[in-house]
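Peer 1: CSV, C-alpha atoms and all ligand atoms, file final_26.csv:
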```csv
chain,number,residue,atom,x,y,z
A,1,MET,CA,-27.9,9.9,-109.5
A,2,MET,CA,-25.7,7.9,-112.0
A,3,GLU,CA,-28.7,7.3,-114.3
A,4,THR,CA,-29.8,11.0,-114.0
A,5,VAL,CA,-26.3,12.2,-115.0
A,6,ALA,CA,-26.3,9.7,-118.0
A,7,SER,CA,-29.7,11.1,-119.1
A,8,TRP,CA,-28.3,14.6,-119.0
A,9,MET,CA,-25.4,13.5,-121.1
A,10,LYS,CA,-27.7,11.8,-123.6
A,11,GLU,CA,-29.8,14.9,-124.0
A,12,SER,CA,-26.8,17.2,-124.1
A,13,THR,CA,-25.7,18.8,-127.3
A,14,SER,CA,-22.4,19.9,-125.8
A,15,THR,CA,-20.6,18.1,-122.9
A,16,VAL,CA,-17.2,19.4,-121.6
A,17,VAL,CA,-14.9,17.5,-119.2
A,18,LEU,CA,-12.5,19.3,-116.8
A,19,THR,CA,-9.9,17.0,-115.3
A,20,GLY,CA,-7.2,17.2,-112.7
A,21,ALA,CA,-4.4,15.0,-111.2
A,22,GLY,CA,-7.0,12.6,-109.8
A,23,MET,CA,-7.7,11.5,-113.4
A,24,SER,CA,-4.1,10.1,-113.6
A,25,THR,CA,-3.6,8.4,-110.2
A,26,GLU,CA,-5.1,5.1,-111.4
A,27,SER,CA,-2.3,5.2,-114.1
A,28,GLY,CA,0.2,5.3,-111.3
A,29,ILE,CA,1.0,9.1,-111.3
A,30,PRO,CA,0.7,10.7,-107.8
A,31,ASP,CA,-1.6,13.7,-107.5
A,32,PHE,CA,-0.6,16.8,-105.6
A,33,ARG,CA,-2.8,17.3,-102.5
A,34,SER,CA,-3.9,13.8,-101.4
A,35,LYS,CA,-2.0,12.2,-98.6
A,36,SER,CA,0.3,10.5,-101.1
A,37,GLY,CA,0.5,13.6,-103.3
A,38,TRP,CA,3.6,15.5,-104.5
A,39,TRP,CA,3.0,18.5,-102.3
A,40,LYS,CA,3.0,16.4,-99.2
A,41,SER,CA,6.8,15.9,-99.6
A,42,ILE,CA,7.9,18.9,-101.7
A,43,ASP,CA,7.0,22.6,-101.4
A,44,PRO,CA,5.7,23.5,-104.9
A,45,ARG,CA,7.1,27.0,-104.6
A,46,THR,CA,10.6,25.6,-104.6
A,47,VAL,CA,10.2,23.4,-107.7
A,48,ALA,CA,7.1,24.4,-109.7
A,49,SER,CA,7.2,28.2,-109.5
A,50,VAL,CA,8.6,30.7,-111.9
A,51,GLU,CA,11.0,31.8,-109.2
A,52,SER,CA,12.4,28.2,-108.8
A,53,LEU,CA,13.7,28.5,-112.4
A,54,THR,CA,16.1,31.2,-111.4
A,55,ASP,CA,16.6,30.6,-107.7
A,56,ASP,CA,17.4,26.9,-107.9
A,57,TYR,CA,17.5,25.6,-111.5
A,58,ALA,CA,19.3,22.4,-110.4
A,59,LEU,CA,16.4,21.5,-108.1
A,60,PHE,CA,13.8,22.6,-110.6
A,61,ARG,CA,15.4,20.4,-113.3
A,62,GLU,CA,15.8,17.4,-111.0
A,63,PHE,CA,12.1,17.6,-110.1
A,64,TYR,CA,10.9,17.7,-113.7
A,65,GLN,CA,13.5,15.0,-114.8
A,66,LEU,CA,11.9,12.8,-112.1
A,67,ARG,CA,8.4,13.6,-113.3
A,68,ILE,CA,9.3,13.0,-117.0
A,69,GLU,CA,11.1,9.7,-116.3
A,70,ALA,CA,8.1,8.6,-114.2
A,71,LEU,CA,6.0,8.8,-117.3
A,72,HIS,CA,8.1,6.3,-119.3
A,73,ASP,CA,6.1,3.2,-118.6
A,74,ILE,CA,2.8,4.9,-117.7
A,75,GLU,CA,-0.4,4.0,-119.7
A,76,PRO,CA,-3.9,5.6,-119.8
A,77,HIS,CA,-6.4,3.7,-117.7
A,78,VAL,CA,-10.0,2.6,-118.5
A,79,GLY,CA,-11.3,6.1,-117.5
A,80,HIS,CA,-9.1,7.9,-120.1
A,81,ARG,CA,-10.2,5.3,-122.7
A,82,ILE,CA,-13.9,5.8,-122.0
A,83,LEU,CA,-13.5,9.6,-122.3
A,84,ALA,CA,-11.8,9.1,-125.7
A,85,ARG,CA,-14.5,6.8,-126.9
A,86,TRP,CA,-17.2,9.2,-125.7
A,87,GLU,CA,-15.6,11.9,-127.9
A,88,GLN,CA,-15.8,9.5,-130.9
A,89,GLN,CA,-19.5,8.7,-130.0
A,90,GLY,CA,-20.3,12.4,-129.8
A,91,TYR,CA,-20.9,12.4,-126.0
A,92,VAL,CA,-17.9,14.7,-125.2
A,93,GLN,CA,-16.9,17.7,-127.2
A,94,LEU,CA,-13.8,18.9,-125.3
A,95,ILE,CA,-11.5,17.8,-122.5
A,96,ALA,CA,-9.9,20.7,-120.6
A,97,THR,CA,-7.2,19.3,-118.4
A,98,GLN,CA,-4.8,20.6,-115.7
A,99,ASN,CA,-2.7,17.4,-116.2
A,100,VAL,CA,0.7,17.6,-117.9
A,101,ASP,CA,1.1,13.9,-118.7
A,102,GLN,CA,-0.8,13.8,-122.1
A,103,LEU,CA,-2.6,10.6,-121.0
A,104,HIS,CA,-5.9,11.9,-122.6
A,105,GLN,CA,-4.2,12.2,-126.0
A,106,LEU,CA,-2.4,8.9,-125.5
A,107,ALA,CA,-5.9,7.3,-124.9
A,108,GLY,CA,-7.1,8.8,-128.2
A,109,SER,CA,-8.8,12.0,-127.2
A,110,LYS,CA,-8.4,14.5,-130.0
A,111,ASN,CA,-9.9,17.7,-128.6
A,112,VAL,CA,-7.8,18.4,-125.5
A,113,ALA,CA,-7.0,21.9,-124.0
A,114,GLU,CA,-3.9,21.7,-121.8
A,115,LEU,CA,-4.6,24.4,-119.3
A,116,HIS,CA,-1.3,23.9,-117.4
A,117,GLY,CA,0.8,22.9,-120.5
A,118,ASN,CA,2.7,19.6,-120.4
A,119,ILE,CA,6.0,18.2,-119.3
A,120,VAL,CA,6.7,16.1,-122.4
A,121,THR,CA,7.7,19.0,-124.7
A,122,ILE,CA,10.7,21.2,-123.9
A,123,ARG,CA,11.8,24.8,-124.7
A,124,CYS,CA,14.7,27.2,-124.0
A,125,THR,CA,13.9,29.5,-121.0
A,126,SER,CA,15.4,32.4,-123.0
A,127,CYS,CA,14.9,32.0,-126.7
A,128,ASN,CA,12.0,29.6,-126.5
A,129,LYS,CA,13.4,27.3,-129.2
A,130,PRO,CA,12.0,23.8,-128.9
A,131,HIS,CA,14.3,20.9,-127.8
A,132,SER,CA,14.0,17.2,-127.3
A,133,LYS,CA,13.0,15.6,-124.0
A,134,GLU,CA,16.4,13.7,-124.2
A,135,HIS,CA,18.2,17.0,-124.4
A,136,PHE,CA,16.5,18.2,-121.1
A,137,LEU,CA,17.0,14.8,-119.4
A,138,ASN,CA,20.8,14.9,-120.3
A,139,ASN,CA,21.0,18.3,-118.5
A,140,ALA,CA,22.1,19.9,-121.8
A,141,VAL,CA,21.7,23.6,-122.5
A,142,CYS,CA,20.0,25.4,-125.4
A,143,THR,CA,21.8,24.6,-128.7
A,144,TYR,CA,21.1,28.1,-129.9
A,145,CYS,CA,21.8,30.4,-127.0
A,146,THR,CA,23.3,28.0,-124.3
A,147,ASN,CA,20.7,29.0,-121.7
A,148,HIS,CA,18.7,26.6,-119.5
A,149,LEU,CA,15.9,24.4,-120.9
A,150,ARG,CA,12.5,23.8,-119.3
A,151,PRO,CA,9.3,21.8,-119.9
A,152,ASN,CA,6.3,23.6,-121.4
A,153,VAL,CA,4.4,23.4,-118.1
A,154,VAL,CA,2.6,26.4,-116.6
A,155,LEU,CA,4.5,27.1,-113.4
A,156,PHE,CA,3.0,28.9,-110.4
A,157,GLY,CA,3.1,32.6,-111.1
A,158,GLU,CA,2.8,32.1,-114.9
A,159,THR,CA,-0.2,32.9,-116.9
A,160,LEU,CA,-2.1,30.0,-118.6
A,161,PRO,CA,-1.8,29.5,-122.4
A,162,GLN,CA,-4.3,32.0,-123.8
A,163,ASP,CA,-5.6,29.6,-126.5
A,164,ALA,CA,-6.2,26.7,-124.1
A,165,TRP,CA,-7.9,29.0,-121.6
A,166,ASN,CA,-10.2,30.6,-124.1
A,167,ARG,CA,-11.2,27.3,-125.6
A,168,ALA,CA,-12.0,25.8,-122.2
A,169,LEU,CA,-13.8,28.9,-120.9
A,170,ASN,CA,-15.9,29.3,-124.1
A,171,ALA,CA,-16.8,25.6,-124.2
A,172,ILE,CA,-17.8,25.5,-120.5
A,173,GLN,CA,-19.9,28.7,-120.8
A,174,HIS,CA,-21.9,27.1,-123.6
A,175,ALA,CA,-22.0,23.5,-122.4
A,176,ASP,CA,-25.2,21.7,-121.4
A,177,VAL,CA,-23.2,19.4,-119.1
A,178,VAL,CA,-19.7,19.9,-117.5
A,179,LEU,CA,-18.1,16.8,-115.8
A,180,VAL,CA,-15.4,17.9,-113.3
A,181,ILE,CA,-13.2,14.9,-112.6
A,182,GLY,CA,-10.3,14.3,-110.1
A,183,THR,CA,-9.5,17.8,-109.0
A,184,SER,CA,-9.4,19.6,-105.6
A,185,LEU,CA,-10.2,22.9,-107.4
A,186,GLU,CA,-7.5,24.6,-105.3
A,187,VAL,CA,-5.6,26.2,-108.1
A,188,TYR,CA,-6.6,29.5,-109.6
A,189,PRO,CA,-7.7,30.4,-112.3
A,190,VAL,CA,-8.9,26.9,-113.3
A,191,ASN,CA,-10.9,26.6,-110.1
A,192,GLN,CA,-13.0,29.5,-111.5
A,193,LEU,CA,-14.2,27.5,-114.5
A,194,PRO,CA,-16.9,25.3,-112.9
A,195,MET,CA,-18.8,28.4,-111.7
A,196,MET,CA,-18.8,29.7,-115.3
A,197,ALA,CA,-20.9,26.7,-116.4
A,198,ARG,CA,-24.4,27.5,-117.5
A,199,GLY,CA,-25.5,23.8,-117.8
A,200,LYS,CA,-25.5,20.8,-115.4
A,201,LEU,CA,-22.4,20.6,-113.3
A,202,VAL,CA,-21.2,17.2,-112.1
A,203,TYR,CA,-18.3,16.5,-109.7
A,204,ILE,CA,-16.6,13.1,-109.9
A,205,ASN,CA,-14.0,12.8,-107.2
A,206,LEU,CA,-12.5,10.4,-104.6
A,207,GLU,CA,-12.8,12.9,-101.8
A,208,LEU,CA,-15.5,15.6,-101.3
A,209,GLU,CA,-13.4,18.7,-101.4
A,210,THR,CA,-14.3,22.0,-99.7
A,211,HIS,CA,-14.0,24.0,-103.0
A,212,ALA,CA,-16.5,21.7,-104.7
A,213,THR,CA,-19.7,23.6,-104.2
A,214,GLY,CA,-22.7,24.4,-106.3
A,215,PHE,CA,-22.7,21.1,-108.2
A,216,ASP,CA,-25.9,19.6,-109.6
A,217,ALA,CA,-24.6,16.1,-109.0
A,218,VAL,CA,-21.7,14.7,-106.9
A,219,LEU,CA,-20.5,11.1,-107.7
A,220,GLN,CA,-17.9,10.1,-105.1
A,221,GLY,CA,-15.5,7.4,-106.1
A,222,SER,CA,-12.5,6.7,-108.4
A,223,ALA,CA,-12.6,8.2,-111.9
A,224,GLY,CA,-12.1,4.8,-113.6
A,225,GLU,CA,-15.0,3.2,-111.6
A,226,ILE,CA,-17.5,6.1,-111.9
A,227,LEU,CA,-16.8,6.5,-115.7
A,228,THR,CA,-17.3,2.7,-116.2
A,229,GLN,CA,-20.6,2.8,-114.3
A,230,LEU,CA,-21.8,5.9,-116.2
A,231,ASP,CA,-20.8,4.3,-119.5
A,232,ALA,CA,-23.1,1.4,-118.8
A,233,TYR,CA,-26.1,3.8,-118.8
A,234,LEU,CA,-25.2,5.5,-122.1
B,301,LIG,C1,-1.7,32.5,-112.3
B,301,LIG,C2,2.5,22.9,-112.8
B,301,LIG,C3,-1.6,34.8,-112.7
B,301,LIG,C4,3.3,22.1,-112.0
B,301,LIG,C5,0.5,23.7,-111.9
B,301,LIG,C6,-3.2,32.8,-103.2
B,301,LIG,C7,-4.5,32.5,-103.2
B,301,LIG,C8,-5.1,32.1,-104.4
B,301,LIG,C9,-4.3,32.0,-105.6
B,301,LIG,C10,-3.0,32.2,-105.5
B,301,LIG,C11,-2.4,32.6,-104.3
B,301,LIG,N1,-1.1,32.8,-104.6
B,301,LIG,C12,-0.8,32.5,-105.9
B,301,LIG,C13,-2.0,32.2,-106.5
B,301,LIG,C14,-2.2,31.8,-107.9
B,301,LIG,C15,-1.7,30.4,-108.1
B,301,LIG,C16,-2.6,29.4,-107.3
B,301,LIG,O1,-3.7,29.2,-107.6
B,301,LIG,N2,-2.0,29.0,-106.1
B,301,LIG,C17,-2.7,28.1,-105.3
B,301,LIG,C18,-2.1,26.8,-105.1
B,301,LIG,C19,-2.9,28.9,-103.9
B,301,LIG,N3,-2.0,30.1,-109.5
B,301,LIG,C20,-1.1,30.4,-110.4
B,301,LIG,O2,0.0,30.8,-110.2
B,301,LIG,C21,-1.5,30.2,-111.9
B,301,LIG,N4,-1.2,31.4,-112.6
B,301,LIG,O3,-2.5,32.7,-111.4
B,301,LIG,O4,-1.2,33.5,-113.0
B,301,LIG,C22,-0.8,35.7,-113.4
B,301,LIG,C23,-1.4,36.8,-113.9
B,301,LIG,C24,-0.6,37.7,-114.6
B,301,LIG,C25,0.8,37.5,-114.8
B,301,LIG,C26,1.4,36.4,-114.2
B,301,LIG,C27,0.6,35.5,-113.5
B,301,LIG,C28,-0.8,29.0,-112.5
B,301,LIG,C29,-1.4,27.8,-111.9
B,301,LIG,C30,-0.7,26.6,-112.6
B,301,LIG,C31,0.3,26.0,-111.7
B,301,LIG,N5,0.8,24.8,-112.3
B,301,LIG,N6,1.1,22.6,-112.4
B,301,LIG,C32,3.3,20.7,-112.4
B,301,LIG,O5,2.2,20.1,-112.6
B,301,LIG,O6,4.4,20.2,-112.6
B,301,LIG,S1,-0.7,23.5,-110.7
B,301,LIG,C33,-0.8,21.9,-110.2
B,301,LIG,O7,-2.1,21.9,-109.5
B,301,LIG,C34,-1.0,20.8,-111.3
B,301,LIG,O8,-1.1,21.3,-112.6
B,301,LIG,C35,-2.4,20.2,-110.9
B,301,LIG,O9,-3.1,19.7,-112.0
B,301,LIG,C36,-3.0,21.4,-110.4
B,301,LIG,C37,-4.4,21.3,-109.7
B,301,LIG,O10,-4.3,20.3,-108.8
B,301,LIG,P1,-5.3,19.1,-109.0
B,301,LIG,O11,-5.2,18.6,-110.4
B,301,LIG,O12,-6.7,19.5,-108.5
B,301,LIG,O13,-4.7,18.0,-108.1
B,301,LIG,P2,-4.9,17.8,-106.6
B,301,LIG,O14,-3.9,16.8,-106.1
B,301,LIG,O15,-5.0,19.1,-105.9
B,301,LIG,O16,-6.4,17.1,-106.4
B,301,LIG,C38,-6.6,15.8,-106.9
B,301,LIG,C39,-8.0,15.4,-106.5
B,301,LIG,O17,-8.3,14.2,-107.2
B,301,LIG,C40,-8.2,15.2,-105.1
B,301,LIG,O18,-9.4,15.9,-104.6
B,301,LIG,C41,-8.3,13.7,-104.9
B,301,LIG,O19,-9.2,13.4,-103.9
B,301,LIG,C42,-8.9,13.3,-106.2
B,301,LIG,N7,-8.5,12.0,-106.7
B,301,LIG,C43,-7.3,11.3,-106.5
B,301,LIG,N8,-7.3,10.2,-107.1
B,301,LIG,C44,-8.5,10.0,-107.7
B,301,LIG,C45,-9.3,11.2,-107.4
B,301,LIG,N9,-10.5,11.4,-107.9
B,301,LIG,C46,-11.1,10.4,-108.6
B,301,LIG,N10,-10.4,9.3,-108.9
B,301,LIG,C47,-9.2,9.0,-108.5
B,301,LIG,N11,-8.6,7.9,-108.8
```
Let me see the file written as structure tokens.
Ligand code: BV8
Peer 2:
Amino acid sequence: MMETVASWMKESTSTVVLTGAGMSTESGIPDFRSKSGWWKSIDPRTVASVESLTDDYALFREFYQLRIEALHDIEPHVGHRILARWEQQGYVQLIATQNVDQLHQLAGSKNVAELHGNIVTIRCTSCNKPHSKEHFLNNAVCTYCTNHLRPNVVLFGETLPQDAWNRALNAIQHADVVLVIGTSLEVYPVNQLPMMARGKLVYINLELETHATGFDAVLQGSAGEILTQLDAYL
């Protein structure tokens, strides 16, 4: 099956990659729904929803401070670097990611659509003015209107960035191959994207998730390993 997927990629004029938190676990960042995932210890509605911003800003801020500080010594892994090289070699046209850690960009990928935003850039919750990460980590308030600061992440209950969504949807609808890597496909509306694919749909994941149906190929294993093996056939 590995060789077949590689042949689809070689014949493809447009290949799109959709990634989730499973793409970052080999870099040391916990995912959300695996046994060691974030949501096993914290209820996302209390820290990652639009309500948590107003209901308990201190808890919200603490959760994101933790997540941002955890990124300090995190590096992209071999899988991120292979995807970046495939973009340079013309095998990949776009990476649409649910991840908020910017590891794809750090590995050198240029064409990345951040469907759930990121936690490394900060804005004011009221006037939207940009602020530094340090400002947020020091629990400072907006320098313009003194309201709370927040990361540019898409919280539960918030709409996705229109531009990123449109780029990802359009690319997936026209792609010859879509590689879906490291996601449980639990979160709406990103979990609707694979079924919009017209081309060959490939699922690369550690666990076979119930939502992962209708794929032309399923490669079970870790992202780093599977991408390394695929790369050997290109
Ligand atoms: C919206 C920010 C509308 C936080 C995130 C009831 C039913 C259905 C839907 C809903 C519902 N109630 C509410 C909703 C909508 C809601 C939703 O989908 N909820 C779900 C959870 C029930 N969605 C929303 O609110 C979205 N907005 O719908 O807006 C709207 C319309 C008009 C006006 C206003 C609003 C917003 C969704 C975005 C939420 N933000 N992140 C943060 O990250 O800090 S979601 C969060 O989940 C992360 O972004 C994460 O990326 C995303 C998806 O998770 P995955 O990436 O898939 O990660 P997960 O752990 O689940 O899976 C990892 C997989 O990788 C596993 O299968 C594992 O086996 C595998 N893996 C692990 N390691 C490896 C690996 N695979 C390979 N190699 C490895 N090494």
Peer 1: Can you work out which residues are within 6 Å of ligand LIG 301 (chain B), considering all atoms listed in the file, and then hand them over as a PyMOL selection string?
Peer 2: chain A and resi 20-23+25-26+31-34+48+98-99+116+153-159+182-189+205-207+209+221-223
Peer 1: My list of candidates is A:Glu114, A:Cys127, A:Leu103, A:Trp39. Which is closest to Pro161 of chain A when distances are computed with all atoms listed in the file?
Peer 2: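 With all atoms listed in the file as the atom set, the closest residue is A:Glu114.
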Peer 1: Which residue, A:Asn152, A:Ser132, A:Asn138, A:Gln93, has the smallest gap to Ile119 of chain A when you use all atoms listed in the file?
Peer 2: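 Between A:Asn152, A:Ser132, A:Asn138, A:Gln93, the residue approaching Ile119 of chain A most closely is A:Asn152.
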Peer 1: Leaving out Thr15 of chain A and any residue of its chain fewer than 2 positions from it, which residues lie within 7 Å of it when counting all atoms listed in the file, given as a list in words?
Peer 2: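 Contacts, in chain order: Met9, Ser12, Thr13, Val17, Tyr91, Val92, Gln93, Ala175, Asp176, Val177 and Val178 of chain A.
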Peer 1: If I take atom CA of Thr97 of chain A and atom CA of Ala6 of chain A, how far is one from the other in Å, to one decimal?
Peer 2: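 Computing it gives 21.4 Å between the two atoms.
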Peer 1: Around segment 43-58 of chain A, fit a box with edges along x, y and z, padding it by 4 Å on each side, then list its centre and edge lengths in Å to one decimal as AutoDock Vina command-line options.
Peer 2:
```
--center_x 12.5 --center_y 27.1 --center_z -106.9 --size_x 21.6 --size_y 17.4 --size_z 19.0
```
Peer 1: Taking only C-alpha atoms into account, which of A:Trp8, A:Tyr57, A:Trp86, A:Phe63 comes nearest Ser41 of chain A?
Peer 2: A:Phe63
Peer 1: Between A:Gly199, A:Pro130, A:Gly117, A:Pro76, which is the closest to His104 of chain A once you count all atoms listed in the file?
Peer 2: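 Distance minimum relative to His104 of chain A lands on A:Pro76.
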Peer 1: I'd like the contact shell of His72 of chain A - 12 Å cut-off, all atoms listed in the file, skipping same-chain residues fewer than 6 positions apart - returned as a list of chain:residue names.
Peer 2: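 Within the cut-off, the hits are A:Ser27, A:Gly28, A:Ile29, A:Gln65, A:Leu66, A:Asp101, A:Gln102, A:Leu103, A:Val120, A:Lys133.
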Peer 1: Taking only C-alpha atoms into account, name the residue in A:Ala107, A:Met196, A:Leu234, A:Leu227 that is nearest to Arg81 of chain A.
Peer 2: A:Ala107
Peer 1: Please, what distance in Å, to one decimal, runs between atom CA of Gly224 of chain A and atom CA of Ala164 of chain A?
Peer 2: 25.0 Å
Peer 1: From the list A:Asp216, A:His148, A:Leu106, A:Glu87, which residue is nearest Asp56 of chain A when using all atoms listed in the file?
Peer 2: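 For Asp56 of chain A, the nearest of the given residues is A:His148.
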Peer 1: In Å to one decimal, how far is atom CA of Tyr203 of chain A from atom CA of Leu219 of chain A?
Peer 2: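 Atom-to-atom, atom CA of Leu219 of chain A and atom CA of Tyr203 of chain A are spaced 6.2 Å apart.
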Peer 1: For segment 169-174 of chain A, work out the shell of residues within 7 Å, counting all atoms listed in the file and skipping chain neighbours fewer than 3 positions away, then give it as a ChimeraX atom specification.
Peer 2: /A:16,165-166,178,193,196-198
Peer 1: Hey, can you pull every residue with an atom no more than 7 Å from (-19.8, 15.1, -111.9), using all atoms listed in the file, and send it as a PyMOL selection string?
Peer 2: chain A and resi 179-181+201-204+217-219
Peer 1: Please produce a file of the residues just selected, as a PDB file, in the frame of the given file, where the atoms kept are C-alpha atoms.
Peer 2:
```pdb
ATOM      1  CA  LEU A 179     -18.100  16.800-115.800  1.00  0.00           C
ATOM      2  CA  VAL A 180     -15.400  17.900-113.300  1.00  0.00           C
ATOM      3  CA  ILE A 181     -13.200  14.900-112.600  1.00  0.00           C
ATOM      4  CA  LEU A 201     -22.400  20.600-113.300  1.00  0.00           C
ATOM      5  CA  VAL A 202     -21.200  17.200-112.100  1.00  0.00           C
ATOM      6  CA  TYR A 203     -18.300  16.500-109.700  1.00  0.00           C
ATOM      7  CA  ILE A 204     -16.600  13.100-109.900  1.00  0.00           C
ATOM      8  CA  ALA A 217     -24.600  16.100-109.000  1.00  0.00           C
ATOM      9  CA  VAL A 218     -21.700  14.700-106.900  1.00  0.00           C
ATOM     10  CA  LEU A 219     -20.500  11.100-107.700  1.00  0.00           C
TER      11      LEU A 219
END
```
Peer 1: For Leu137 of chain A, find every residue with an atom within 9 Å (counting only C-alpha atoms), except residues of its own chain fewer than 3 positions away, and show them as a list in words.
Peer 2: Arg61, Glu62, Tyr64, Gln65, Ile68, Glu69, Ser132, Lys133, Glu134 and Ala140 of chain A
Peer 1: Would you mind completing segment 210-225 of chain A to N, CA, C and O atoms and writing the output as a tab-separated table (two decimals), in the coordinates of the input?
Peer 2:
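Full text of out.tsv as output:
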```
chain	number	residue	atom	x	y	z
A	210	THR	N	-13.59	20.78	-100.19
A	210	THR	CA	-14.30	22.00	-99.70
A	210	THR	C	-14.64	22.94	-100.86
A	210	THR	O	-15.68	23.57	-100.86
A	211	HIS	N	-13.78	22.99	-101.87
A	211	HIS	CA	-14.00	24.00	-103.00
A	211	HIS	C	-15.10	23.47	-103.92
A	211	HIS	O	-15.52	24.19	-104.81
A	212	ALA	N	-15.51	22.22	-103.76
A	212	ALA	CA	-16.50	21.70	-104.70
A	212	ALA	C	-17.88	21.99	-104.28
A	212	ALA	O	-18.57	21.17	-103.68
A	213	THR	N	-18.30	23.22	-104.55
A	213	THR	CA	-19.70	23.60	-104.20
A	213	THR	C	-20.47	23.97	-105.41
A	213	THR	O	-19.90	24.24	-106.45
A	214	GLY	N	-21.80	23.94	-105.25
A	214	GLY	CA	-22.70	24.40	-106.30
A	214	GLY	C	-22.82	23.41	-107.46
A	214	GLY	O	-23.18	23.76	-108.58
A	215	PHE	N	-22.55	22.11	-107.17
A	215	PHE	CA	-22.70	21.10	-108.20
A	215	PHE	C	-24.12	20.54	-108.25
A	215	PHE	O	-24.75	20.39	-107.20
A	216	ASP	N	-24.60	20.20	-109.45
A	216	ASP	CA	-25.90	19.60	-109.60
A	216	ASP	C	-25.92	18.13	-109.20
A	216	ASP	O	-26.94	17.56	-108.82
A	217	ALA	N	-24.74	17.51	-109.34
A	217	ALA	CA	-24.60	16.10	-109.00
A	217	ALA	C	-23.17	15.85	-108.48
A	217	ALA	O	-22.22	16.42	-109.02
A	218	VAL	N	-23.03	15.04	-107.43
A	218	VAL	CA	-21.70	14.70	-106.90
A	218	VAL	C	-21.65	13.13	-106.93
A	218	VAL	O	-22.50	12.46	-106.34
A	219	LEU	N	-20.67	12.57	-107.68
A	219	LEU	CA	-20.50	11.10	-107.70
A	219	LEU	C	-19.15	10.80	-107.09
A	219	LEU	O	-18.10	11.08	-107.67
A	220	GLN	N	-19.20	10.31	-105.84
A	220	GLN	CA	-17.90	10.10	-105.10
A	220	GLN	C	-17.39	8.72	-105.44
A	220	GLN	O	-18.09	7.72	-105.40
A	221	GLY	N	-16.11	8.68	-105.80
A	221	GLY	CA	-15.50	7.40	-106.10
A	221	GLY	C	-14.30	7.65	-107.06
A	221	GLY	O	-13.96	8.80	-107.34
A	222	SER	N	-13.68	6.56	-107.53
A	222	SER	CA	-12.50	6.70	-108.40
A	222	SER	C	-13.01	7.00	-109.84
A	222	SER	O	-14.05	6.49	-110.27
A	223	ALA	N	-12.23	7.77	-110.56
A	223	ALA	CA	-12.60	8.20	-111.90
A	223	ALA	C	-12.88	6.95	-112.80
A	223	ALA	O	-13.91	6.88	-113.48
A	224	GLY	N	-11.97	5.97	-112.74
A	224	GLY	CA	-12.10	4.80	-113.60
A	224	GLY	C	-13.44	4.07	-113.32
A	224	GLY	O	-14.19	3.71	-114.24
A	225	GLU	N	-13.75	3.93	-112.03
A	225	GLU	CA	-15.00	3.20	-111.60
A	225	GLU	C	-16.23	3.96	-112.03
A	225	GLU	O	-17.14	3.44	-112.66
```
